[in-house]
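Raw contents of my_file-v2.txt, compact mmCIF, C-alpha atoms:
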# COMPACT_ATOMS: atom_id res chain seq x y z
CA MET A 1 -24.17 -11.76 22.19
CA ILE A 2 -25.11 -8.32 20.78
CA SER A 3 -22.95 -5.55 22.09
CA LYS A 4 -24.55 -2.59 23.83
CA PRO A 5 -23.19 0.05 21.39
CA PHE A 6 -24.78 -1.82 18.47
CA THR A 7 -28.15 -2.05 20.28
CA ALA A 8 -27.98 1.62 21.27
CA GLY A 9 -27.21 2.56 17.66
CA ARG A 10 -30.23 0.66 16.37
CA ARG A 11 -32.41 2.29 19.02
CA ASP A 12 -31.14 5.76 18.04
CA ASN A 13 -31.85 5.06 14.36
CA ARG A 14 -35.36 3.93 15.25
CA VAL A 15 -35.97 7.12 17.25
CA LEU A 16 -34.67 9.27 14.39
CA ARG A 17 -36.84 7.43 11.89
CA GLN A 18 -39.93 7.83 14.08
CA GLY A 19 -39.14 11.50 14.56
CA ALA A 20 -38.76 12.02 10.80
CA ASN A 21 -42.05 10.22 10.16
CA THR A 22 -43.80 12.38 12.75
CA VAL A 23 -42.48 15.57 11.18
CA ALA A 24 -43.56 14.34 7.74
CA VAL A 25 -47.08 13.59 8.97
CA VAL A 26 -47.36 17.02 10.64
CA LEU A 27 -46.18 18.78 7.48
CA ALA A 28 -48.61 16.74 5.38
CA LEU A 29 -51.50 17.71 7.66
CA LEU A 30 -50.52 21.38 7.52
CA THR A 31 -50.45 21.15 3.73
CA VAL A 32 -53.78 19.35 3.38
CA PHE A 33 -55.71 21.37 5.98
CA PRO A 34 -56.28 24.48 3.80
CA LEU A 35 -57.67 22.24 1.04
CA TYR A 36 -59.90 20.47 3.55
CA TRP A 37 -61.18 23.79 4.90
CA MET A 38 -61.85 25.05 1.37
CA VAL A 39 -63.96 21.98 0.48
CA LEU A 40 -65.67 22.06 3.87
CA SER A 41 -66.60 25.73 3.48
CA ALA A 42 -67.95 25.00 0.02
CA LEU A 43 -70.28 22.39 1.53
CA LYS A 44 -71.35 24.45 4.53
CA PRO A 45 -74.61 26.45 4.56
CA LYS A 46 -74.22 30.21 4.74
CA GLY A 47 -75.08 30.39 8.43
CA GLU A 48 -72.21 28.11 9.43
CA ILE A 49 -69.70 29.91 7.20
CA THR A 50 -70.41 33.30 8.77
CA SER A 51 -70.69 31.91 12.30
CA ALA A 52 -68.53 33.52 14.98
CA HIS A 53 -67.59 30.03 16.19
CA PRO A 54 -66.55 28.03 13.09
CA ARG A 55 -66.33 24.27 13.41
CA PRO A 56 -64.09 21.92 11.40
CA TRP A 57 -67.14 19.87 10.38
CA THR A 58 -70.75 20.25 9.28
CA PHE A 59 -73.85 18.17 9.88
CA ALA A 60 -75.85 19.89 7.13
CA PRO A 61 -73.80 19.74 3.92
CA THR A 62 -75.31 21.48 0.93
CA LEU A 63 -74.53 21.88 -2.76
CA GLU A 64 -76.10 25.33 -2.94
CA ASN A 65 -72.71 27.04 -3.11
CA PHE A 66 -71.69 24.89 -6.08
CA ARG A 67 -74.97 25.68 -7.84
CA ASN A 68 -74.35 29.38 -7.29
CA ALA A 69 -70.81 29.06 -8.65
CA LEU A 70 -71.89 27.11 -11.73
CA GLY A 71 -74.79 29.53 -12.20
CA VAL A 72 -72.49 32.51 -12.69
CA SER A 73 -73.04 33.96 -16.14
CA GLY A 74 -70.29 32.76 -18.47
CA PHE A 75 -68.75 30.26 -16.03
CA GLY A 76 -68.36 27.64 -18.76
CA ARG A 77 -66.74 30.16 -21.10
CA TYR A 78 -64.31 31.26 -18.39
CA PHE A 79 -63.44 27.62 -17.73
CA LEU A 80 -62.74 26.94 -21.40
CA ASN A 81 -60.63 30.10 -21.66
CA SER A 82 -58.47 29.02 -18.72
CA LEU A 83 -58.18 25.50 -20.11
CA ALA A 84 -57.15 26.77 -23.55
CA VAL A 85 -54.45 29.03 -22.09
CA ALA A 86 -53.09 26.30 -19.79
CA VAL A 87 -53.00 23.59 -22.49
CA VAL A 88 -51.28 25.82 -25.04
CA VAL A 89 -48.70 26.98 -22.49
CA VAL A 90 -47.94 23.39 -21.43
CA VAL A 91 -47.55 22.06 -24.98
CA VAL A 92 -45.56 24.98 -26.40
CA SER A 93 -43.33 25.39 -23.33
CA ALA A 94 -42.55 21.66 -23.30
CA ALA A 95 -41.56 21.69 -26.98
CA ILE A 96 -39.43 24.83 -26.77
CA ALA A 97 -37.86 23.89 -23.42
CA PHE A 98 -36.91 20.44 -24.73
CA LEU A 99 -35.16 21.83 -27.80
CA ALA A 100 -33.49 24.60 -25.77
CA ALA A 101 -32.29 22.11 -23.14
CA VAL A 102 -30.77 19.92 -25.87
CA ALA A 103 -28.98 22.93 -27.35
CA LEU A 104 -27.63 24.05 -23.97
CA SER A 105 -26.49 20.54 -23.05
CA ARG A 106 -25.10 19.21 -26.32
CA PHE A 107 -23.72 22.21 -28.19
CA LYS A 108 -20.96 24.69 -27.42
CA PHE A 109 -21.47 28.31 -28.41
CA ARG A 110 -20.73 31.81 -27.18
CA PHE A 111 -22.72 33.31 -24.32
CA LYS A 112 -23.96 29.88 -23.24
CA THR A 113 -23.21 30.61 -19.57
CA THR A 114 -24.75 34.07 -19.92
CA ILE A 115 -27.99 32.58 -21.19
CA LEU A 116 -28.16 30.17 -18.26
CA ILE A 117 -27.58 33.00 -15.81
CA MET A 118 -30.31 35.03 -17.48
CA PHE A 119 -32.73 32.14 -16.94
CA LEU A 120 -31.97 32.28 -13.21
CA VAL A 121 -32.29 36.07 -13.08
CA ALA A 122 -35.66 35.87 -14.84
CA GLN A 123 -36.96 33.74 -11.96
CA MET A 124 -35.88 36.35 -9.41
CA VAL A 125 -37.87 39.27 -10.84
CA PRO A 126 -41.23 39.66 -9.04
CA VAL A 127 -44.32 39.46 -11.20
CA GLU A 128 -45.69 42.74 -9.85
CA ALA A 129 -42.66 44.63 -11.14
CA LEU A 130 -43.32 43.44 -14.70
CA THR A 131 -47.08 43.92 -14.86
CA ILE A 132 -47.11 47.53 -16.07
CA PRO A 133 -44.26 47.12 -18.61
CA LEU A 134 -45.94 44.00 -19.99
CA PHE A 135 -49.23 45.87 -20.30
CA PHE A 136 -47.67 48.48 -22.59
CA LEU A 137 -45.68 45.83 -24.45
CA VAL A 138 -48.76 43.73 -25.16
CA ARG A 139 -50.68 46.86 -26.19
CA ASP A 140 -47.99 47.74 -28.73
CA ILE A 141 -47.79 44.15 -30.00
CA GLY A 142 -51.55 44.21 -30.53
CA SER A 143 -51.20 46.99 -33.10
CA VAL A 144 -49.05 44.62 -35.21
CA ALA A 145 -50.50 41.23 -34.24
CA PRO A 146 -54.11 41.67 -32.98
CA GLY A 147 -54.21 38.08 -31.77
CA PHE A 148 -51.61 38.89 -29.12
CA GLY A 149 -52.91 42.28 -28.02
CA LEU A 150 -54.98 43.39 -25.07
CA SER A 151 -58.18 41.45 -24.31
CA SER A 152 -57.01 38.37 -26.21
CA LEU A 153 -56.17 34.91 -24.98
CA GLY A 154 -53.03 35.02 -27.10
CA SER A 155 -51.56 37.68 -24.83
CA LEU A 156 -52.09 35.49 -21.75
CA MET A 157 -50.56 32.51 -23.55
CA LEU A 158 -47.53 34.56 -24.57
CA VAL A 159 -46.92 36.06 -21.12
CA ASN A 160 -47.40 32.79 -19.21
CA LEU A 161 -45.18 31.03 -21.71
CA ALA A 162 -42.44 33.58 -21.07
CA PHE A 163 -42.66 32.94 -17.32
CA SER A 164 -42.78 29.14 -17.62
CA LEU A 165 -39.89 28.70 -20.04
CA PRO A 166 -36.91 29.70 -17.84
CA PHE A 167 -37.77 27.13 -15.15
CA ALA A 168 -38.61 24.45 -17.72
CA VAL A 169 -35.38 24.96 -19.68
CA TRP A 170 -33.22 25.00 -16.56
CA MET A 171 -34.80 21.83 -15.19
CA LEU A 172 -34.81 19.90 -18.48
CA ARG A 173 -31.18 20.79 -19.07
CA GLY A 174 -30.25 18.50 -16.17
CA PHE A 175 -32.29 15.62 -17.59
CA VAL A 176 -30.76 15.96 -21.04
CA ALA A 177 -27.26 16.19 -19.58
CA ALA A 178 -27.91 12.94 -17.67
CA VAL A 179 -28.49 11.02 -20.91
CA PRO A 180 -25.18 9.42 -22.00
CA GLU A 181 -23.88 10.87 -25.24
CA SER A 182 -22.73 7.38 -26.20
CA LEU A 183 -26.35 6.50 -27.00
CA GLU A 184 -26.54 9.32 -29.52
CA GLU A 185 -23.16 8.41 -30.98
CA ALA A 186 -24.24 4.80 -31.45
CA ALA A 187 -27.44 5.91 -33.16
CA ARG A 188 -25.49 8.31 -35.37
CA ILE A 189 -23.15 5.49 -36.42
CA ASP A 190 -26.19 3.40 -37.35
CA GLY A 191 -27.30 6.20 -39.68
CA ALA A 192 -29.94 7.91 -37.52
CA SER A 193 -30.67 11.54 -38.37
CA ARG A 194 -30.63 14.31 -35.79
CA PHE A 195 -34.43 14.39 -35.74
CA THR A 196 -34.56 10.62 -35.17
CA ILE A 197 -32.10 10.93 -32.28
CA LEU A 198 -34.21 13.68 -30.73
CA TRP A 199 -37.52 11.87 -31.14
CA ARG A 200 -36.58 8.21 -30.68
CA ILE A 201 -33.78 8.45 -28.08
CA LEU A 202 -33.70 11.74 -26.17
CA PHE A 203 -37.42 12.41 -25.96
CA PRO A 204 -38.42 9.07 -24.29
CA LEU A 205 -35.56 9.39 -21.78
CA VAL A 206 -36.37 13.02 -20.96
CA ALA A 207 -40.15 12.46 -20.88
CA PRO A 208 -40.24 12.18 -17.04
CA GLY A 209 -38.63 15.62 -16.82
CA LEU A 210 -41.16 16.98 -19.30
CA ALA A 211 -43.97 15.62 -17.12
CA ALA A 212 -42.53 17.33 -14.05
CA THR A 213 -42.11 20.69 -15.78
CA SER A 214 -45.54 20.44 -17.41
CA VAL A 215 -47.19 20.35 -13.97
CA PHE A 216 -45.45 23.59 -13.04
CA SER A 217 -46.43 25.21 -16.36
CA PHE A 218 -50.05 24.07 -16.04
CA ILE A 219 -50.43 25.34 -12.48
CA THR A 220 -48.79 28.67 -13.33
CA ALA A 221 -51.06 29.29 -16.31
CA TRP A 222 -54.22 27.92 -14.70
CA ASN A 223 -53.94 29.97 -11.50
CA ASP A 224 -52.79 33.20 -13.14
CA PHE A 225 -54.72 36.17 -11.80
CA VAL A 226 -52.47 39.23 -12.09
CA PHE A 227 -51.91 39.07 -15.84
CA ALA A 228 -55.47 37.95 -16.58
CA LYS A 229 -56.83 40.92 -14.64
CA THR A 230 -54.36 43.34 -16.23
CA LEU A 231 -54.31 42.25 -19.87
CA ILE A 232 -57.92 41.12 -20.36
CA LEU A 233 -60.22 44.15 -20.41
CA ASP A 234 -63.45 42.48 -21.54
CA THR A 235 -65.51 39.68 -20.03
CA ASP A 236 -65.66 37.38 -23.07
CA HIS A 237 -61.98 36.45 -22.81
CA GLN A 238 -61.76 36.43 -19.02
CA THR A 239 -60.39 33.39 -17.18
CA LEU A 240 -61.62 31.64 -14.05
CA PRO A 241 -59.31 33.24 -11.44
CA ALA A 242 -60.36 36.74 -12.47
CA ALA A 243 -64.00 35.65 -12.78
CA LEU A 244 -63.98 34.78 -9.06
CA MET A 245 -64.13 38.50 -8.36
CA VAL A 246 -67.88 38.33 -8.97
CA PHE A 247 -68.24 36.79 -5.50
CA PHE A 248 -66.44 39.69 -3.82
CA LYS A 249 -69.02 42.36 -3.07
CA PRO A 250 -68.70 45.76 -1.36
CA ASP A 251 -71.13 44.93 1.44
CA GLU A 252 -70.53 41.21 2.04
CA ASN A 253 -68.38 38.61 0.30
CA ASP A 254 -70.00 35.34 -0.77
CA TRP A 255 -67.45 33.04 0.88
CA GLY A 256 -69.47 29.94 0.08
CA GLY A 257 -69.42 30.77 -3.61
CA ILE A 258 -65.73 31.67 -3.45
CA MET A 259 -64.83 28.34 -1.84
CA ALA A 260 -67.08 26.36 -4.19
CA ALA A 261 -65.59 28.04 -7.27
CA SER A 262 -62.08 27.54 -5.88
CA THR A 263 -62.83 23.85 -5.34
CA LEU A 264 -64.04 23.52 -8.92
CA MET A 265 -60.87 25.26 -10.09
CA THR A 266 -58.75 22.75 -8.20
CA VAL A 267 -60.29 19.73 -9.93
CA PRO A 268 -58.53 20.17 -13.33
CA VAL A 269 -55.19 20.61 -11.57
CA LEU A 270 -55.72 17.37 -9.63
CA VAL A 271 -56.81 15.52 -12.78
CA PHE A 272 -53.75 16.73 -14.68
CA PHE A 273 -51.50 15.78 -11.77
CA VAL A 274 -52.99 12.27 -11.60
CA LEU A 275 -52.43 11.81 -15.33
CA VAL A 276 -48.72 12.69 -15.17
CA GLN A 277 -47.82 11.82 -11.57
CA ARG A 278 -46.29 8.45 -12.45
CA HIS A 279 -43.90 10.06 -14.91
CA MET A 280 -43.35 13.04 -12.64
CA VAL A 281 -42.22 10.95 -9.67
CA SER A 282 -39.70 9.08 -11.78
CA GLY A 283 -38.64 12.37 -13.32
CA LEU A 284 -37.95 14.10 -10.03
CA GLY A 285 -35.83 11.25 -8.71
CA GLY A 286 -34.52 9.62 -11.83
CA ALA A 287 -31.32 9.95 -13.76
CA VAL A 288 -30.13 7.90 -16.69
CA LYS A 289 -27.05 5.77 -16.06
CA ASP A 290 -24.48 4.89 -18.67
This structure in structure tokens:
Amino acid sequence: MISKPFTAGRRDNRVLRQGANTVAVVLALLTVFPLYWMVLSALKPKGEITSAHPRPWTFAPTLENFRNALGVSGFGRYFLNSLAVAVVVVVVSAAIAFLAAVALSRFKFRFKTTILIMFLVAQMVPVEALTIPLFFLVRDIGSVAPGFGLSSLGSLMLVNLAFSLPFAVWMLRGFVAAVPESLEEAARIDGASRFTILWRILFPLVAPGLAATSVFSFITAWNDFVFAKTLILDTDHQTLPAALMVFFKPDENDWGGIMAASTLMTVPVLVFFVLVQRHMVSGLGGAVKD
């Protein structure tokens, strides 16, 4: 015979589980709704978008807003500029963060704790406070290295790389520290070089962490607006987020074009996420056991 306390405990656990599931579903809906409204507005005709009584559906979907967005002069060039900046930032930040995480986890040197604290402090400084100093810094760098001066994609790559690295290094440090040092010692006894240990042992085990940090780096670089608007002074090197300003007009904003262009901007992020999501999930929850 099952005792009443045991039955009551199971019932309480079931209620808690149902409550947690309900909260998760509500949070998921709140997260997805802005994306749904963005896509819906991109498919709505202009009359429904500007209606005083908006509806969460449409019976007359249209692709006119997408045609207007793709018809913007230089849209393809802006897309390629954003893609180039994002890809370079992801690749370079992953390489540097991996090596830095190995150094911070495996070696002992002076000011190691200070460097880690500086990484945290760098994440606390608001972007707006650094915009003007970075403008003058990039301008001065351009006099020495034109490829990294104002109105160049190199400047955006450099600035976004500087903002992506602290988070990437701090996160990857935990993944590298979770790898047992006994694996490296065994490989060293077998005659493996330091490069072989990095490439054949550490890199495959830390790859899930690299996938997780690469998503953050890609999103940060792809959605950058403040630095792109501040550092890029011509239209040839402009990126997509800043190019969206063409739909904002003094008399009336083209909300259909804005939502259509925003939807198109979201597609590369989703594609990149799908490509790395398997590794990212294992990276966020995984740890190597000895």
Just the residues within 10 Å of range 125-133 of chain A, please, counting all atoms listed in the file, with nothing from its chain fewer than 3 positions along; format it as a ChimeraX atom specification.
-> /A:120-122,136-139,163,226-227,230-231
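Here the question is which of A:Thr58, A:Gln18, A:Ser51, A:Ser164 gets nearest to Trp37 in chain A using only C-alpha atoms, and that residue is A:Thr58.
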Within 9 Å of range 97-102 of chain A, counting all atoms listed in the file, which residues show up once you throw out same-chain ones fewer than 6 positions away? Write them as a PyMOL selection string, please.
-> chain A and resi 165-177+198+202-203+206+210
Which of these, A:Leu244, A:His237, A:Phe218, A:Ser105, has the shortest distance to Val179 in chain A once you count all atoms listed in the file?
->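 So, comparing all the options, the nearest one is A:Ser105.
Here CA of Phe59 in chain A stands at a distance of 23.2 Å from CA of Asn253 in chain A.
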Quote the spacing between CA of Val159 in chain A and CA of Phe225 in chain A in Å to one decimal place.
->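 Going from CA of Val159 in chain A over to CA of Phe225 in chain A, I get 12.2 Å.
Separating CA of Met265 in chain A from CA of Val215 in chain A is a distance of 15.0 Å.
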What lies within 8 Å of Leu153 in chain A using all atoms listed in the file, ignoring chain neighbours under 3 positions off, as number ranges by chain?
-> A: 81, 85, 147-148, 156-157, 232, 237
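With all atoms listed in the file as the atoms that count, the minimum distance from Ala211 in chain A to the choices A:Ser143, A:Ser93, A:Phe119, A:Leu233 is reached by A:Ser93.
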